[in-house]
Amino acid sequence: MNRFQKIINRMTPRFIRQSVIKNYQTNSNFKQWFGKTFFGIENSTLETNENIFSVVSRLANTVSSLPFKKYLSYEQQFDESMDKLMYWPNNNQTLDQIFNVMEVSRNTNGNGYALIFRDIRGLFEQLVPFNPNYVEPVLEETTNELWYRVSNNGKTYFFHNSDMIHVRHIAGNGNWKGISPIAVLKNSNDFDKAVRTFSLKEMESIRDSFILKYDTSVDDEKKQAIVDNFKMFYEENGGILIQEPGVTIEEMKRNFVATDMKITEGITRDRIANVYNVPSIFLNSDSSSFSSNEQLMQLFVNMTLTPIVKQYEREFNKKILLKNERVKGYYFKFNLMGLLRGDSDARQKFYHGGIRDGWMVPDEARMLEEMPPRGGKASELWISGDMYPQDMDPSLRKSNNSSNQNVVKKD
């Protein structure tokens with residue numbers, strides 16, 4: 001936090017900050033939400049489209065379950081402030097729950113917000129996620145500083161951007177709000193819904209049909225009697241039907257053809273995957289293009305997760321850490337390595353290569369596999385005996401020394 005941010009924090013009356021917290025805590029039982037639409041049209045679509053629900057829940061659950069740690073020059077740190085951030089960011093939630101709520105908001109509304117409350121020294125005190133429908137970014141005319149207008153219980157508050165964690169989807173030039181993915185998918189969702197409604201009506205309209213065949217010996221009066229008898233049988237949905245000589249009854253097959261519905265669902269599924277930038281296999285499409293699960297996860301991490309977690313990391317590094325902490329080398333970071341470990345065979349090759357090539361110690365491999373470190377020699381870097389530095393004198397290599405010794409003995 002710089003000097004300007006400290007002044008803003010001190011200028012904001014404490015009763016304003018506490019009123020927002022108090023309102024958040026007293027309304028956390030969700031009673032006032034019963035019978036109401038929480039996220040407007042976004043929430044309605046989320047509840048009625050299983051493909052969008054699948055993608056949003058997958059992204060939110062993945063981001064919130066990733067290890068989020070504080071480092072100092074690659075060394076993991078865990079102090080009292082980190083304990084507070086992880087387990088008591090506010091009285092009702094843990095940090096992973098806040099990540100989950102913000103990611104759902106980001107993938108429905110296009111924006112996820114969480115307000116930072118600080119103590120009198122400007123240090124982190126609480127983190128409270130907000131309903132994005134009640135937050136509006138605005139620019140102050142004279143200073144061109146970004147502020148956030150928050151509507152809460154009929155009142156309006158303004159908070160400086162240094163006190164608001166804001167993650168979003170892409171935004172147009174000059175627009176501080178992210179674009180809602182569900183709004184982008186509106187036409188696709190409407191078309192998909194229309195096809196589903198039409199197909200449902202088609203299925204409901206299908207009834208069993210029959211073909212009555214008569215011999216030429218059956219006169220008109222007997223034909224009418226047979227038809228009347230069959231109608232009565234059909235309307236009563238059962239009973240005894242006597243098949244007269246010279247009359248044949250065959251059922252006419254009328255099967256529902258779901259080809260059009262399947263094609264439409266596939267198109268909608270691909271569009272949803274494109275908008276959310278996830279591999280379409282996550283929506284149960286063909287997986288033949290991926291030779292291994294490791295290759296799939298590599299694509300998911302590189303193209304989808306990395307841009308998302310970078311937003312969270314930048315926001316937390318800028319607005320939770322103090323300037324002098326950043327200068328010293330402190331930073332927050334998500335650990336994505338757990339998603340890239342692959343199967344047991346791929347992990348074995350990864351650890352084997354790392355230990356033999358001298359850039360990983362055995363204890364680090366054990367800790368990645370959730371096993372306790374052993375210390376001692378297991379905490380030291382090793383290198384394979386058949387490898388040498390490039391600038392090493394060839395005459396000093398073990399194989400050459402042995403060869404020279406053998407030559408001497410022959411002489």
# chains A, B, ... in the order shown; residues from 1 in each chain; ligands from 1
$ residues_around --residues "Lys69 of chain A" --least-positions-apart "2" --cutoff "9 Å" --atoms "only C-alpha atoms" --output "ChimeraX atom specification"
/A:67,71,76-78,82,331-335
$ closest_residue --among "A:Leu396, A:Leu139, A:Leu123, A:Leu66" --to "Leu85 of chain A" --atoms "only C-alpha atoms"
A:Leu123
$ residues_around --residues "Val184 of chain A" --least-positions-apart "6" --cutoff "12 Å" --atoms "only C-alpha atoms" --output "list in words"
Glu42, Asn107, Thr108, Asn109, Gly110, His169, Ile170, Gly178, Asp190, Arg271, Ile272, Asn274, Val275 and Tyr276 of chain A
$ residues_around --residues "segment 312-324 of chain A" --least-positions-apart "4" --cutoff "9 Å" --atoms "only C-alpha atoms" --output "number ranges by chain"
A: 1-2, 99, 116, 122-124, 161-167, 308, 328-334
$ write_last_selection --atoms "N, CA, C and O atoms" --output "mmCIF file, in the first residue's frame"
data_model
loop_
_atom_site.group_PDB
_atom_site.id
_atom_site.type_symbol
_atom_site.label_atom_id
_atom_site.label_comp_id
_atom_site.auth_asym_id
_atom_site.auth_seq_id
_atom_site.Cartn_x
_atom_site.Cartn_y
_atom_site.Cartn_z
ATOM 1 N N MET A 1 0.855 -1.186 0.000
ATOM 2 C CA MET A 1 0.000 0.000 0.000
ATOM 3 C C MET A 1 0.891 1.236 0.000
ATOM 4 O O MET A 1 1.728 1.403 0.873
ATOM 5 N N ASN A 2 0.688 2.163 -0.967
ATOM 6 C CA ASN A 2 1.475 3.377 -1.017
ATOM 7 C C ASN A 2 0.861 4.460 -0.139
ATOM 8 O O ASN A 2 -0.152 4.252 0.525
ATOM 9 N N PHE A 99 -12.464 -17.811 -3.372
ATOM 10 C CA PHE A 99 -12.049 -18.052 -4.753
ATOM 11 C C PHE A 99 -13.172 -18.702 -5.552
ATOM 12 O O PHE A 99 -13.414 -18.347 -6.715
ATOM 13 N N ILE A 116 -11.440 -5.464 0.191
ATOM 14 C CA ILE A 116 -10.405 -5.602 1.219
ATOM 15 C C ILE A 116 -10.675 -4.584 2.325
ATOM 16 O O ILE A 116 -10.783 -3.386 2.055
ATOM 17 N N GLY A 122 -3.300 0.073 7.860
ATOM 18 C CA GLY A 122 -3.381 -0.229 6.440
ATOM 19 C C GLY A 122 -3.111 -1.676 6.109
ATOM 20 O O GLY A 122 -2.995 -2.032 4.931
ATOM 21 N N LEU A 123 -3.019 -2.535 7.122
ATOM 22 C CA LEU A 123 -2.765 -3.953 6.891
ATOM 23 C C LEU A 123 -4.070 -4.703 6.651
ATOM 24 O O LEU A 123 -5.147 -4.285 7.084
ATOM 25 N N PHE A 124 -3.974 -5.833 5.959
ATOM 26 C CA PHE A 124 -5.148 -6.649 5.640
ATOM 27 C C PHE A 124 -5.896 -7.055 6.907
ATOM 28 O O PHE A 124 -5.306 -7.502 7.887
ATOM 29 N N ASN A 161 -9.757 1.564 -6.014
ATOM 30 C CA ASN A 161 -9.400 0.289 -6.662
ATOM 31 C C ASN A 161 -8.344 -0.482 -5.879
ATOM 32 O O ASN A 161 -8.236 -1.695 -6.032
ATOM 33 N N SER A 162 -7.553 0.209 -5.028
ATOM 34 C CA SER A 162 -6.552 -0.488 -4.234
ATOM 35 C C SER A 162 -7.172 -1.351 -3.149
ATOM 36 O O SER A 162 -6.500 -2.199 -2.574
ATOM 37 N N ASP A 163 -8.464 -1.144 -2.870
ATOM 38 C CA ASP A 163 -9.160 -1.926 -1.852
ATOM 39 C C ASP A 163 -10.150 -2.923 -2.451
ATOM 40 O O ASP A 163 -10.975 -3.475 -1.708
ATOM 41 N N MET A 164 -10.096 -3.150 -3.752
ATOM 42 C CA MET A 164 -11.045 -4.058 -4.394
ATOM 43 C C MET A 164 -10.304 -5.075 -5.264
ATOM 44 O O MET A 164 -9.605 -4.708 -6.215
ATOM 45 N N ILE A 165 -10.431 -6.338 -4.925
ATOM 46 C CA ILE A 165 -9.932 -7.409 -5.796
ATOM 47 C C ILE A 165 -10.936 -7.579 -6.933
ATOM 48 O O ILE A 165 -12.121 -7.812 -6.698
ATOM 49 N N HIS A 166 -10.467 -7.436 -8.164
ATOM 50 C CA HIS A 166 -11.354 -7.505 -9.329
ATOM 51 C C HIS A 166 -10.748 -8.431 -10.369
ATOM 52 O O HIS A 166 -9.676 -8.156 -10.922
ATOM 53 N N VAL A 167 -11.400 -9.566 -10.622
ATOM 54 C CA VAL A 167 -11.003 -10.494 -11.685
ATOM 55 C C VAL A 167 -12.131 -10.543 -12.701
ATOM 56 O O VAL A 167 -13.299 -10.477 -12.344
ATOM 57 N N ILE A 308 -6.102 -17.265 -15.990
ATOM 58 C CA ILE A 308 -7.034 -17.008 -14.885
ATOM 59 C C ILE A 308 -6.281 -16.766 -13.583
ATOM 60 O O ILE A 308 -6.502 -15.767 -12.889
ATOM 61 N N LYS A 328 11.085 -6.702 -1.171
ATOM 62 C CA LYS A 328 11.918 -7.726 -0.546
ATOM 63 C C LYS A 328 11.840 -9.066 -1.264
ATOM 64 O O LYS A 328 12.678 -9.940 -1.029
ATOM 65 N N GLY A 329 10.827 -9.237 -2.127
ATOM 66 C CA GLY A 329 10.722 -10.486 -2.882
ATOM 67 C C GLY A 329 9.556 -11.361 -2.496
ATOM 68 O O GLY A 329 9.476 -12.516 -2.940
ATOM 69 N N TYR A 330 8.619 -10.864 -1.681
ATOM 70 C CA TYR A 330 7.440 -11.645 -1.328
ATOM 71 C C TYR A 330 6.452 -11.648 -2.492
ATOM 72 O O TYR A 330 6.296 -10.643 -3.206
ATOM 73 N N TYR A 331 5.758 -12.760 -2.674
ATOM 74 C CA TYR A 331 4.717 -12.836 -3.702
ATOM 75 C C TYR A 331 3.795 -14.021 -3.413
ATOM 76 O O TYR A 331 4.183 -14.992 -2.748
ATOM 77 N N PHE A 332 2.559 -13.923 -3.909
ATOM 78 C CA PHE A 332 1.596 -15.019 -3.844
ATOM 79 C C PHE A 332 1.616 -15.768 -5.171
ATOM 80 O O PHE A 332 1.797 -15.177 -6.238
ATOM 81 N N LYS A 333 1.380 -17.087 -5.087
ATOM 82 C CA LYS A 333 1.400 -17.880 -6.318
ATOM 83 C C LYS A 333 0.571 -19.149 -6.154
ATOM 84 O O LYS A 333 0.615 -19.795 -5.102
ATOM 85 N N PHE A 334 -0.196 -19.474 -7.211
ATOM 86 C CA PHE A 334 -0.881 -20.753 -7.285
ATOM 87 C C PHE A 334 0.107 -21.819 -7.763
ATOM 88 O O PHE A 334 0.945 -21.549 -8.625
#
$ atom_distance --atom1 "atom CA of Ser285 of chain A" --atom2 "atom CA of Arg269 of chain A"
8.1 Å
$ residues_around --residues "His160 of chain A" --least-positions-apart "3" --cutoff "8 Å" --atoms "only C-alpha atoms" --output "PyMOL selection string"
chain A and resi 8+145-148+163-164
$ write_last_selection --atoms "all heavy atoms" --output "short mmCIF file (atom, residue, chain, number, x, y, z; two decimals), in the first residue's frame"
data_model
loop_
_atom_site.label_atom_id
_atom_site.label_comp_id
_atom_site.auth_asym_id
_atom_site.auth_seq_id
_atom_site.Cartn_x
_atom_site.Cartn_y
_atom_site.Cartn_z
N ILE A 8 -6.36 7.26 1.59
CA ILE A 8 -7.73 6.87 1.23
C ILE A 8 -8.32 5.97 2.30
O ILE A 8 -9.48 6.12 2.69
CB ILE A 8 -7.73 6.16 -0.14
CG1 ILE A 8 -7.35 7.15 -1.25
CG2 ILE A 8 -9.10 5.54 -0.42
CD1 ILE A 8 -8.32 8.29 -1.42
N GLU A 145 -8.75 8.43 -11.35
CA GLU A 145 -8.55 7.23 -10.53
C GLU A 145 -9.78 6.32 -10.65
O GLU A 145 -10.92 6.79 -10.74
CB GLU A 145 -8.34 7.61 -9.07
CG GLU A 145 -7.00 8.28 -8.79
CD GLU A 145 -5.88 7.28 -8.61
OE1 GLU A 145 -6.19 6.07 -8.53
OE2 GLU A 145 -4.71 7.70 -8.54
N LEU A 146 -9.52 5.01 -10.62
CA LEU A 146 -10.61 4.04 -10.69
C LEU A 146 -11.19 3.79 -9.31
O LEU A 146 -10.47 3.46 -8.36
CB LEU A 146 -10.11 2.72 -11.29
CG LEU A 146 -11.13 1.58 -11.38
CD1 LEU A 146 -12.27 1.94 -12.33
CD2 LEU A 146 -10.44 0.29 -11.84
N TRP A 147 -12.51 3.94 -9.19
CA TRP A 147 -13.24 3.66 -7.96
C TRP A 147 -14.34 2.64 -8.26
O TRP A 147 -14.70 2.42 -9.42
CB TRP A 147 -13.87 4.94 -7.38
CG TRP A 147 -12.87 5.93 -6.87
CD1 TRP A 147 -12.06 6.74 -7.62
CD2 TRP A 147 -12.58 6.22 -5.51
NE1 TRP A 147 -11.27 7.52 -6.82
CE2 TRP A 147 -11.57 7.22 -5.50
CE3 TRP A 147 -13.06 5.75 -4.29
CZ2 TRP A 147 -11.05 7.75 -4.33
CZ3 TRP A 147 -12.54 6.27 -3.12
CH2 TRP A 147 -11.55 7.25 -3.14
N TYR A 148 -14.86 2.05 -7.21
CA TYR A 148 -15.95 1.09 -7.36
C TYR A 148 -17.15 1.57 -6.53
O TYR A 148 -17.03 1.80 -5.33
CB TYR A 148 -15.51 -0.30 -6.89
CG TYR A 148 -14.50 -0.94 -7.82
CD1 TYR A 148 -13.14 -0.74 -7.64
CD2 TYR A 148 -14.91 -1.73 -8.89
CE1 TYR A 148 -12.21 -1.31 -8.48
CE2 TYR A 148 -13.99 -2.31 -9.74
CZ TYR A 148 -12.64 -2.10 -9.54
OH TYR A 148 -11.73 -2.66 -10.37
N ASP A 163 -8.46 -1.14 -2.87
CA ASP A 163 -9.16 -1.93 -1.85
C ASP A 163 -10.15 -2.92 -2.45
O ASP A 163 -10.97 -3.48 -1.71
CB ASP A 163 -9.91 -1.00 -0.89
CG ASP A 163 -8.97 -0.18 -0.03
OD1 ASP A 163 -7.90 -0.72 0.34
OD2 ASP A 163 -9.27 0.99 0.25
N MET A 164 -10.10 -3.15 -3.75
CA MET A 164 -11.04 -4.06 -4.39
C MET A 164 -10.30 -5.08 -5.26
O MET A 164 -9.61 -4.71 -6.22
CB MET A 164 -12.03 -3.28 -5.26
CG MET A 164 -13.13 -4.14 -5.87
SD MET A 164 -14.36 -4.71 -4.69
CE MET A 164 -15.28 -3.19 -4.41
#
$ atom_distance --atom1 "atom CA of Ser180 of chain A" --atom2 "atom CA of Val55 of chain A"
14.2 Å
$ residues_around --residues "Lys177 of chain A" --least-positions-apart "6" --cutoff "8 Å" --atoms "only C-alpha atoms" --output "PyMOL selection string"
chain A and resi 110-111+136-137+168+171
$ write_last_selection --atoms "C-alpha atoms" --output "compact mmCIF listing (two decimals), in the first residue's frame"
# COMPACT_ATOMS: atom_id res chain seq x y z
CA GLY A 110 -18.03 -11.59 -16.31
CA ASN A 111 -16.67 -10.01 -13.12
CA GLU A 136 -19.97 -0.64 -10.81
CA PRO A 137 -16.46 0.60 -11.75
CA ARG A 168 -12.82 -10.53 -14.99
CA ALA A 171 -13.28 -6.19 -21.69
$ atom_distance --atom1 "atom CA of Asp363 of chain A" --atom2 "atom CA of Ser379 of chain A"
5.5 Å
$ closest_residue --among "A:Lys70, A:Arg58, A:Arg106, A:Arg356" --to "Gln311 of chain A" --atoms "only C-alpha atoms"
A:Arg106
$ residues_around --residues "segment 368-378 of chain A" --least-positions-apart "5" --cutoff "10 Å" --atoms "only C-alpha atoms" --output "PyMOL selection string"
chain A and resi 337-338+341+347+351+361-363
